[in-house]
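Source file: model.cif; contents: mmCIF, C-alpha atoms and all ligand atoms.
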```
data_entry
#
loop_
_atom_site.label_atom_id
_atom_site.label_comp_id
_atom_site.auth_asym_id
_atom_site.auth_seq_id
_atom_site.Cartn_x
_atom_site.Cartn_y
_atom_site.Cartn_z
CA MET A 282 45.55 32.19 16.93
CA ASP A 283 47.13 32.28 20.41
CA ALA A 284 45.12 33.00 23.58
CA GLU A 285 46.20 36.67 23.79
CA ALA A 286 45.27 37.36 20.16
CA GLY A 287 41.96 35.57 20.72
CA ALA A 288 41.21 37.74 23.76
CA ILE A 289 41.93 40.93 21.76
CA SER A 290 39.64 39.75 18.94
CA ASP A 291 36.89 39.00 21.45
CA GLN A 292 37.09 42.51 22.92
CA VAL A 293 37.06 44.09 19.46
CA ARG A 294 34.08 41.95 18.37
CA THR A 295 32.13 42.85 21.50
CA TYR A 296 32.84 46.57 20.99
CA TRP A 297 31.65 46.56 17.34
CA ASP A 298 28.63 44.37 18.06
CA LEU A 299 27.57 47.06 20.54
CA ASP A 300 28.38 49.85 18.10
CA ALA A 301 26.44 48.25 15.22
CA GLU A 302 23.02 49.68 16.21
CA THR A 303 24.15 53.31 16.05
CA TYR A 304 27.26 53.28 13.81
CA ASP A 305 25.33 54.56 10.77
CA HIS A 306 23.92 57.54 12.70
CA SER A 307 27.23 59.34 12.22
CA PRO A 308 27.31 61.17 8.86
CA GLY A 309 31.07 60.54 8.69
CA HIS A 310 30.45 56.78 8.80
CA ASN A 311 27.44 56.64 6.53
CA PRO A 312 27.22 59.52 4.06
CA THR A 313 23.73 59.59 2.53
CA THR A 314 23.39 62.60 0.21
CA ALA A 315 23.20 61.91 -3.52
CA LEU A 316 26.36 63.98 -4.08
CA GLU A 317 28.38 62.07 -1.46
CA LEU A 318 27.27 58.70 -2.81
CA ALA A 319 28.11 59.81 -6.35
CA VAL A 320 31.63 61.00 -5.51
CA TRP A 321 32.36 57.83 -3.52
CA ALA A 322 31.09 55.70 -6.40
CA ALA A 323 33.30 57.63 -8.83
CA ALA A 324 36.37 57.28 -6.58
CA LEU A 325 35.89 53.52 -6.21
CA ARG A 326 35.35 53.11 -9.95
CA ARG A 327 38.45 55.19 -10.72
CA LEU A 328 40.72 53.39 -8.25
CA LEU A 329 39.57 49.76 -8.60
CA PRO A 330 39.47 47.44 -11.63
CA SER A 331 36.20 47.81 -13.58
CA PRO A 332 33.06 45.83 -12.69
CA PRO A 333 32.26 42.95 -12.69
CA ALA A 334 35.57 42.58 -10.79
CA ARG A 335 35.53 40.54 -7.57
CA VAL A 336 36.26 42.81 -4.59
CA LEU A 337 36.94 41.90 -0.97
CA ASP A 338 35.88 44.64 1.48
CA VAL A 339 37.85 43.97 4.69
CA GLY A 340 36.45 45.33 7.96
CA ALA A 341 33.33 46.04 5.91
CA GLY A 342 31.24 47.06 8.91
CA THR A 343 27.70 48.10 8.04
CA GLY A 344 28.69 48.00 4.36
CA PHE A 345 29.11 51.58 3.20
CA LEU A 346 31.67 50.58 0.53
CA SER A 347 30.21 47.12 -0.14
CA LEU A 348 26.80 48.49 -1.05
CA ILE A 349 28.19 51.20 -3.36
CA LEU A 350 30.29 48.54 -5.09
CA ALA A 351 27.43 46.04 -5.42
CA ARG A 352 25.24 48.79 -6.88
CA GLN A 353 27.88 49.30 -9.59
CA GLY A 354 27.93 45.62 -10.59
CA TYR A 355 30.95 44.40 -8.60
CA TYR A 356 30.91 40.93 -7.03
CA VAL A 357 31.43 41.88 -3.39
CA THR A 358 32.58 39.81 -0.43
CA ALA A 359 32.30 41.72 2.86
CA LEU A 360 34.52 40.41 5.66
CA ASP A 361 34.23 41.51 9.29
CA LEU A 362 34.74 39.92 12.69
CA SER A 363 31.55 41.48 14.11
CA PRO A 364 28.32 39.61 13.38
CA GLY A 365 26.42 42.69 14.59
CA MET A 366 28.01 44.92 11.95
CA LEU A 367 27.52 42.27 9.23
CA GLY A 368 23.87 41.90 10.28
CA GLN A 369 23.31 45.60 9.58
CA LEU A 370 25.03 45.22 6.22
CA GLN A 371 22.88 42.23 5.26
CA ALA A 372 19.67 44.06 6.23
CA LYS A 373 20.65 47.08 4.14
CA ALA A 374 21.65 44.92 1.16
CA ALA A 375 18.34 43.03 1.32
CA ALA A 376 16.35 46.28 1.56
CA ALA A 377 18.17 47.62 -1.51
CA GLY A 378 17.85 44.36 -3.46
CA LEU A 379 21.65 44.01 -3.65
CA SER A 380 23.74 40.87 -3.36
CA VAL A 381 26.77 40.94 -1.03
CA HIS A 382 28.44 37.76 0.21
CA THR A 383 29.44 38.12 3.89
CA VAL A 384 32.24 36.34 5.76
CA GLU A 385 32.65 36.54 9.55
CA ALA A 386 36.42 36.35 10.04
CA ASN A 387 39.51 38.16 11.21
CA ALA A 388 41.03 40.53 8.65
CA SER A 389 44.32 38.63 8.83
CA ASP A 390 42.52 35.40 7.86
CA SER A 391 41.04 36.64 4.59
CA PRO A 392 40.13 33.98 1.99
CA GLU A 393 43.09 33.00 -0.26
CA GLY A 394 42.95 33.89 -3.96
CA GLY A 395 40.01 34.69 -6.17
CA PHE A 396 39.81 38.49 -5.84
CA ASP A 397 40.64 41.28 -8.28
CA GLY A 398 40.79 43.87 -5.54
CA VAL A 399 40.89 44.37 -1.78
CA VAL A 400 39.49 47.55 -0.25
CA GLU A 401 39.33 48.83 3.31
CA ARG A 402 38.09 52.02 4.97
CA HIS A 403 39.11 52.91 8.53
CA LEU A 404 40.13 49.39 9.57
CA LEU A 405 43.94 49.68 9.80
CA TRP A 406 43.92 51.66 13.07
CA THR A 407 42.29 48.77 14.96
CA LEU A 408 44.55 45.93 13.76
CA PRO A 409 47.20 44.46 16.09
CA ASP A 410 49.48 43.66 13.13
CA PRO A 411 48.67 45.73 10.01
CA ALA A 412 51.69 44.32 8.11
CA ARG A 413 50.42 40.78 8.61
CA ALA A 414 46.97 41.79 7.39
CA LEU A 415 48.46 43.34 4.24
CA GLU A 416 50.20 40.03 3.46
CA ALA A 417 46.94 38.11 3.91
CA TRP A 418 45.14 40.57 1.59
CA HIS A 419 47.87 40.10 -1.03
CA ARG A 420 47.25 36.35 -0.90
CA SER A 421 43.53 37.12 -1.42
CA ALA A 422 44.26 39.14 -4.58
CA PRO A 423 47.77 38.10 -5.72
CA THR A 424 47.46 39.87 -9.09
CA GLY A 425 44.87 42.42 -8.01
CA ARG A 426 44.62 45.93 -6.60
CA LEU A 427 44.88 47.16 -3.02
CA LEU A 428 42.87 50.24 -2.07
CA LEU A 429 43.19 51.76 1.40
CA LEU A 430 40.72 54.59 2.11
CA GLU A 431 41.81 56.65 5.08
CA SER A 432 41.55 60.06 6.71
CA LEU A 433 43.99 62.23 8.58
CA TRP A 434 43.20 62.28 12.31
CA GLY A 435 44.82 61.97 15.73
CA GLN A 436 48.56 62.53 16.12
CA ALA A 437 49.08 61.92 12.40
CA GLY A 438 46.93 64.97 11.60
CA GLY A 439 49.00 67.33 13.72
CA LEU A 440 47.71 70.41 15.52
CA VAL A 441 45.36 71.57 12.73
CA GLU A 442 43.44 68.29 12.63
CA GLN A 443 43.35 68.07 16.43
CA LEU A 444 41.84 71.59 16.57
CA ARG A 445 39.34 70.68 13.86
CA ARG A 446 38.32 67.59 15.83
CA THR A 447 37.90 69.65 19.01
CA GLY A 448 35.71 72.15 17.13
CA HIS A 449 33.65 69.38 15.54
CA ASP A 450 33.06 67.66 18.91
CA ALA A 451 32.16 70.97 20.63
CA LEU A 452 29.58 71.82 17.95
CA ARG A 453 28.08 68.33 18.15
CA ARG A 454 27.82 68.48 21.94
CA ALA A 455 26.25 71.96 21.79
CA ARG A 456 23.51 70.50 19.56
CA ARG A 457 23.23 67.32 21.65
CA GLY A 458 24.09 65.34 18.51
CA HIS A 459 25.00 61.65 18.44
CA PRO A 460 28.62 60.80 19.29
CA ASP A 461 30.41 58.85 16.54
CA HIS A 462 30.56 55.71 18.74
CA HIS A 463 28.76 54.27 21.79
CA ALA A 464 32.13 54.41 23.70
CA GLU A 465 35.87 54.71 23.11
CA TYR A 466 38.32 51.78 23.17
CA GLY A 467 39.96 51.59 26.62
CA ASP A 468 43.66 52.44 26.93
CA ALA A 469 44.67 48.79 27.39
CA LEU A 470 42.96 47.79 24.13
CA ARG A 471 44.31 50.80 22.19
CA ALA A 472 47.82 49.84 23.30
CA GLN A 473 47.47 46.64 21.23
CA PHE A 474 47.16 48.56 17.96
CA PRO A 475 50.22 50.32 16.50
CA LEU A 476 48.10 52.72 14.38
CA ALA A 477 45.50 53.54 17.07
CA GLY A 478 46.72 57.16 17.19
CA GLY A 479 46.04 57.60 13.45
CA ALA A 480 48.40 57.13 10.49
CA GLY A 481 49.44 59.68 7.89
CA PRO A 482 49.88 58.94 4.18
CA GLU A 483 53.69 58.80 4.54
CA GLN A 484 53.48 56.04 7.16
CA LEU A 485 50.91 54.06 5.18
CA VAL A 486 52.85 54.28 1.92
CA SER A 487 55.93 52.96 3.64
CA LEU A 488 53.89 50.17 5.30
CA VAL A 489 52.49 49.09 1.91
CA GLU A 490 55.83 49.41 0.13
CA SER A 491 57.47 47.19 2.79
CA SER A 492 54.87 44.50 2.03
CA SER A 493 54.57 42.15 -0.91
CA TRP A 494 52.21 44.70 -2.57
CA GLY A 495 55.28 46.76 -3.54
CA SER A 496 55.11 50.30 -4.85
CA ALA A 497 52.16 52.45 -3.81
CA ARG A 498 50.63 55.73 -4.95
CA VAL A 499 48.54 58.26 -3.05
CA GLU A 500 45.55 60.29 -4.12
CA ARG A 501 43.93 63.02 -2.03
CA LEU A 502 40.15 62.53 -2.18
CA ARG A 503 39.21 66.18 -2.51
CA ASP A 504 35.91 65.36 -4.20
CA VAL A 505 34.87 63.23 -1.19
CA GLU A 506 35.87 66.05 1.20
CA TRP A 507 33.98 68.61 -0.90
CA ALA A 508 30.79 66.53 -0.90
CA ALA A 509 31.07 65.81 2.85
CA ARG A 510 31.45 69.51 3.62
CA ARG A 511 28.49 70.48 1.43
CA ALA A 512 26.38 67.89 3.25
CA LEU A 513 26.92 69.60 6.63
CA PRO A 514 23.65 71.37 7.48
CA HIS A 515 25.06 74.24 9.58
CA LEU A 516 27.47 77.04 8.62
CA PRO A 517 29.73 76.69 11.73
CA ASP A 518 30.29 73.00 10.91
CA ARG A 519 31.11 73.90 7.31
CA LEU A 520 33.65 76.47 8.55
CA VAL A 521 35.29 73.82 10.78
CA GLY A 522 35.30 71.52 7.73
CA VAL A 523 36.12 67.84 7.43
CA ALA A 524 39.32 65.84 7.87
CA PRO A 525 41.48 65.30 4.77
CA ARG A 526 40.67 61.98 3.04
CA PHE A 527 43.13 60.03 0.93
CA ALA A 528 43.56 56.75 -0.91
CA ILE A 529 46.65 54.52 -1.02
CA VAL A 530 46.69 52.31 -4.10
CA ALA A 531 48.99 49.39 -4.91
CA GLY A 532 49.06 46.40 -7.25
C1 LIG B 601 35.60 51.92 11.81
S1 LIG B 601 34.70 50.51 11.33
C2 LIG B 601 34.80 50.68 9.55
C3 LIG B 601 33.67 49.98 8.85
C4 LIG B 601 33.58 50.21 7.36
N1 LIG B 601 34.79 49.82 6.69
C5 LIG B 601 33.26 51.65 7.04
O1 LIG B 601 34.01 52.26 6.29
O2 LIG B 601 32.23 52.16 7.52
C6 LIG B 601 35.85 49.19 11.63
C7 LIG B 601 35.28 47.82 11.27
O3 LIG B 601 36.35 46.89 11.32
C8 LIG B 601 35.92 45.71 11.96
N2 LIG B 601 37.12 45.08 12.54
C9 LIG B 601 37.88 45.53 13.55
N3 LIG B 601 38.93 44.71 13.74
C10 LIG B 601 38.81 43.70 12.84
C11 LIG B 601 39.57 42.55 12.53
N4 LIG B 601 40.68 42.26 13.21
N5 LIG B 601 39.15 41.74 11.54
C12 LIG B 601 38.02 42.02 10.85
N6 LIG B 601 37.24 43.11 11.08
C13 LIG B 601 37.64 43.94 12.05
C14 LIG B 601 34.91 46.17 12.98
O4 LIG B 601 34.03 45.13 13.36
C15 LIG B 601 34.23 47.30 12.23
O5 LIG B 601 33.12 46.82 11.51
#
```

Could you rewrite the structure in this file as structure tokens?
Ligand SMILES: C[S@@+](CC[C@H](N)C(=O)[O-])C[C@H]1O[C@@H](n2cnc3c(N)ncnc32)[C@H](O)[C@@H]1O
Amino acid sequence: MDAEAGAISDQVRTYWDLDAETYDHSPGHNPTTALELAVWAAALRRLLPSPPARVLDVGAGTGFLSLILARQGYYVTALDLSPGMLGQLQAKAAAAGLSVHTVEANASDSPEGGFDGVVERHLLWTLPDPARALEAWHRSAPTGRLLLLESLWGQAGGLVEQLRRTGHDALRRARRGHPDHHAEYGDALRAQFPLAGGAGPEQLVSLVESSSWGSARVERLRDVEWAARRALPHLPDRLVGVAPRFAIVAG
């Protein structure tokens, strides 16, 4: 890794180490209702090879996906560059009596071979070279499945999603609720990431299809959206709704 890439990784690690304490306070990051957990479990089971497959969760964070997978009998390796985020994951896994192997590494340096599937949720936007990461993940699971779990936000979501976001933030502020993160990335850091403004399904399909993963398919995760909306405690939030969620699958 050259000095510039190392400096970017250091800034990203510092940001997420600081975010680790409060990341799970956001319901969008860490859904907790029985219905939400059940629809996420069903989506992962439907879109990944069956357990006991070996799955690599890249940018695993506090382990939302890793823990659901481990609970279903998958062998899970959770990779993240933030020790703070992985610490939260390990504490949650221990409390739940689940086994998740953790690796502190850059997403583009994922372990070679040995996996039946690679999954990520909300990591792509913060990678300096998403195409390079996709190649590394293919080397991690050369005959396996790729599963990208994303939502429509930012420029990629267009005016409707920007208005929804504005409404969501206004309602949260009115209730003095927790912001999603302790801070935002600064402009200089955001400029390092080509997908920092959000990425729509069209862009992600073409990114995957240009990689060694080859042809990709898309599924709208309406069940996940439905459960997330039902979990909102107040009517105005339910009227504003939640961002569209989708999966890109290849391999
Ligand atoms: C938005 S969080 C998503 C966490 C988790 N996947 C989830 O769905 O809750 C992004 C995560 O990616 C990690 N991350 C950011 N850049 C990374 C990189 N280059 N390599 C590995 N992990 C990275 C961060 O530390 C953070 O835990």

Region 338-351 of chain A surroundings by all atoms listed in the file, 9 Å radius, close-in-sequence under 2 positions cut, as a PyMOL selection string = chain A and resi 297+301+304-305+310-312+318+321-322+325-326+332+336+353-363+365-371+373-374+377+379-381+387-388+391+398-405+418

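Take atom O3 of ligand LIG 601 (chain B) and CA of Val523 (chain A): the distance between them is 21.3 Å.
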
For each of A:Ala334, A:Ala286, A:Val530, A:Ala412, take the minimum atom-to-atom distance to Leu428 (chain A), counting all atoms listed in the file, then give the residue where this is smallest.
-> A:Val530

Please tabulate, as CSV, the residues of region 407-458 of chain A that come within 12 Å of region 489-501 of chain A, each with its closest pair of atoms and the distance in Å to one decimal, counting only C-alpha atoms and ordering rows by chain, then residue number upward.
```
residue,atom,partner,partner_atom,distance
A:Pro411,CA,A:Val489,CA,9.6
A:Ala412,CA,A:Ser492,CA,6.9
A:Arg413,CA,A:Ser492,CA,8.8
A:Ala414,CA,A:Ser492,CA,9.9
A:Leu415,CA,A:Ser492,CA,6.9
A:Glu416,CA,A:Ser493,CA,6.5
A:Ala417,CA,A:Ser493,CA,9.9
A:Trp418,CA,A:Trp494,CA,9.2
A:His419,CA,A:Trp494,CA,6.5
A:Arg420,CA,A:Ser493,CA,9.3
A:Ser421,CA,A:Trp494,CA,11.6
A:Ala422,CA,A:Trp494,CA,9.9
A:Pro423,CA,A:Trp494,CA,8.6
A:Thr424,CA,A:Trp494,CA,9.4
A:Gly425,CA,A:Trp494,CA,9.4
A:Arg426,CA,A:Trp494,CA,8.7
A:Leu427,CA,A:Trp494,CA,7.7
A:Leu428,CA,A:Ala497,CA,9.7
A:Leu429,CA,A:Val499,CA,9.5
A:Leu430,CA,A:Glu500,CA,9.7
A:Glu431,CA,A:Arg501,CA,9.8
A:Ser432,CA,A:Arg501,CA,9.5
A:Leu433,CA,A:Arg501,CA,10.6
```

Give the answer as one residue: which of A:Leu408, A:Ala477, A:Ala508, A:Ala284 has the shortest atom-to-atom distance to ligand LIG 601 (chain B), using all atoms listed in the file?
-> A:Leu408

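Across the model, the gap from CA of Arg503 (chain A) to CA of Pro525 (chain A) is 7.7 Å.
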
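You will find atom C13 of ligand LIG 601 (chain B) at 12.1 Å from CA of Phe474 (chain A).
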
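Nearest residue to Arg445 (chain A), choosing from A:Gly532, A:Pro517, A:Pro333, A:Pro308 and counting only C-alpha atoms: A:Pro517.
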
Kindly provide, as an mmCIF file with C-alpha atoms, in the frame of the given file, the polymer residues lying within 8 Å of (40.7, 67.9, 12.0), counting only C-alpha atoms and using the coordinates exactly as they appear in the file.
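Result written to result.cif:
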```cif
data_model
loop_
_atom_site.group_PDB
_atom_site.id
_atom_site.type_symbol
_atom_site.label_atom_id
_atom_site.label_comp_id
_atom_site.auth_asym_id
_atom_site.auth_seq_id
_atom_site.Cartn_x
_atom_site.Cartn_y
_atom_site.Cartn_z
ATOM 1 C CA LEU A 433 43.990 62.230 8.580
ATOM 2 C CA TRP A 434 43.200 62.280 12.310
ATOM 3 C CA GLY A 438 46.930 64.970 11.600
ATOM 4 C CA VAL A 441 45.360 71.570 12.730
ATOM 5 C CA GLU A 442 43.440 68.290 12.630
ATOM 6 C CA GLN A 443 43.350 68.070 16.430
ATOM 7 C CA LEU A 444 41.840 71.590 16.570
ATOM 8 C CA ARG A 445 39.340 70.680 13.860
ATOM 9 C CA ARG A 446 38.320 67.590 15.830
ATOM 10 C CA THR A 447 37.900 69.650 19.010
ATOM 11 C CA GLY A 522 35.300 71.520 7.730
ATOM 12 C CA VAL A 523 36.120 67.840 7.430
ATOM 13 C CA ALA A 524 39.320 65.840 7.870
ATOM 14 C CA PRO A 525 41.480 65.300 4.770
#
```

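Minimum distance to Leu485 (chain A) across A:Ala455, A:Ser389, A:Arg335, A:Ala531 (counting only C-alpha atoms) occurs at A:Ala531.
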
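Taking all atoms listed in the file into account, His306 (chain A) lies nearest to A:Gly458 out of the set A:Gly458, A:Gly467, A:Pro514, A:Pro409.
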
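The shortest atom-to-atom distance to Ala472 (chain A), with only C-alpha atoms taken into account, belongs to A:Thr407 out of A:Glu393, A:Arg453, A:Thr295, A:Thr407.
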
Mind writing region 490-508 of chain A to a file for me, with C-alpha atoms, as an mmCIF file, in the first residue's frame?
```cif
data_model
loop_
_atom_site.group_PDB
_atom_site.id
_atom_site.type_symbol
_atom_site.label_atom_id
_atom_site.label_comp_id
_atom_site.auth_asym_id
_atom_site.auth_seq_id
_atom_site.Cartn_x
_atom_site.Cartn_y
_atom_site.Cartn_z
ATOM 1 C CA GLU A 490 -20.429 -7.240 -14.650
ATOM 2 C CA SER A 491 -17.166 -5.467 -15.576
ATOM 3 C CA SER A 492 -15.375 -7.548 -12.931
ATOM 4 C CA SER A 493 -14.358 -11.190 -12.949
ATOM 5 C CA TRP A 494 -17.666 -12.020 -11.166
ATOM 6 C CA GLY A 495 -19.449 -11.693 -14.537
ATOM 7 C CA SER A 496 -23.204 -11.532 -14.926
ATOM 8 C CA ALA A 497 -25.238 -10.129 -12.042
ATOM 9 C CA ARG A 498 -28.899 -10.096 -11.041
ATOM 10 C CA VAL A 499 -30.833 -7.657 -8.885
ATOM 11 C CA GLU A 500 -33.543 -8.235 -6.324
ATOM 12 C CA ARG A 501 -35.519 -5.474 -4.605
ATOM 13 C CA LEU A 502 -35.697 -6.303 -0.886
ATOM 14 C CA ARG A 503 -39.312 -5.302 -0.360
ATOM 15 C CA ASP A 504 -39.684 -7.605 2.648
ATOM 16 C CA VAL A 505 -36.783 -5.825 4.397
ATOM 17 C CA GLU A 506 -38.328 -2.413 3.593
ATOM 18 C CA TRP A 507 -41.740 -3.583 4.834
ATOM 19 C CA ALA A 508 -40.323 -4.812 8.148
#
```
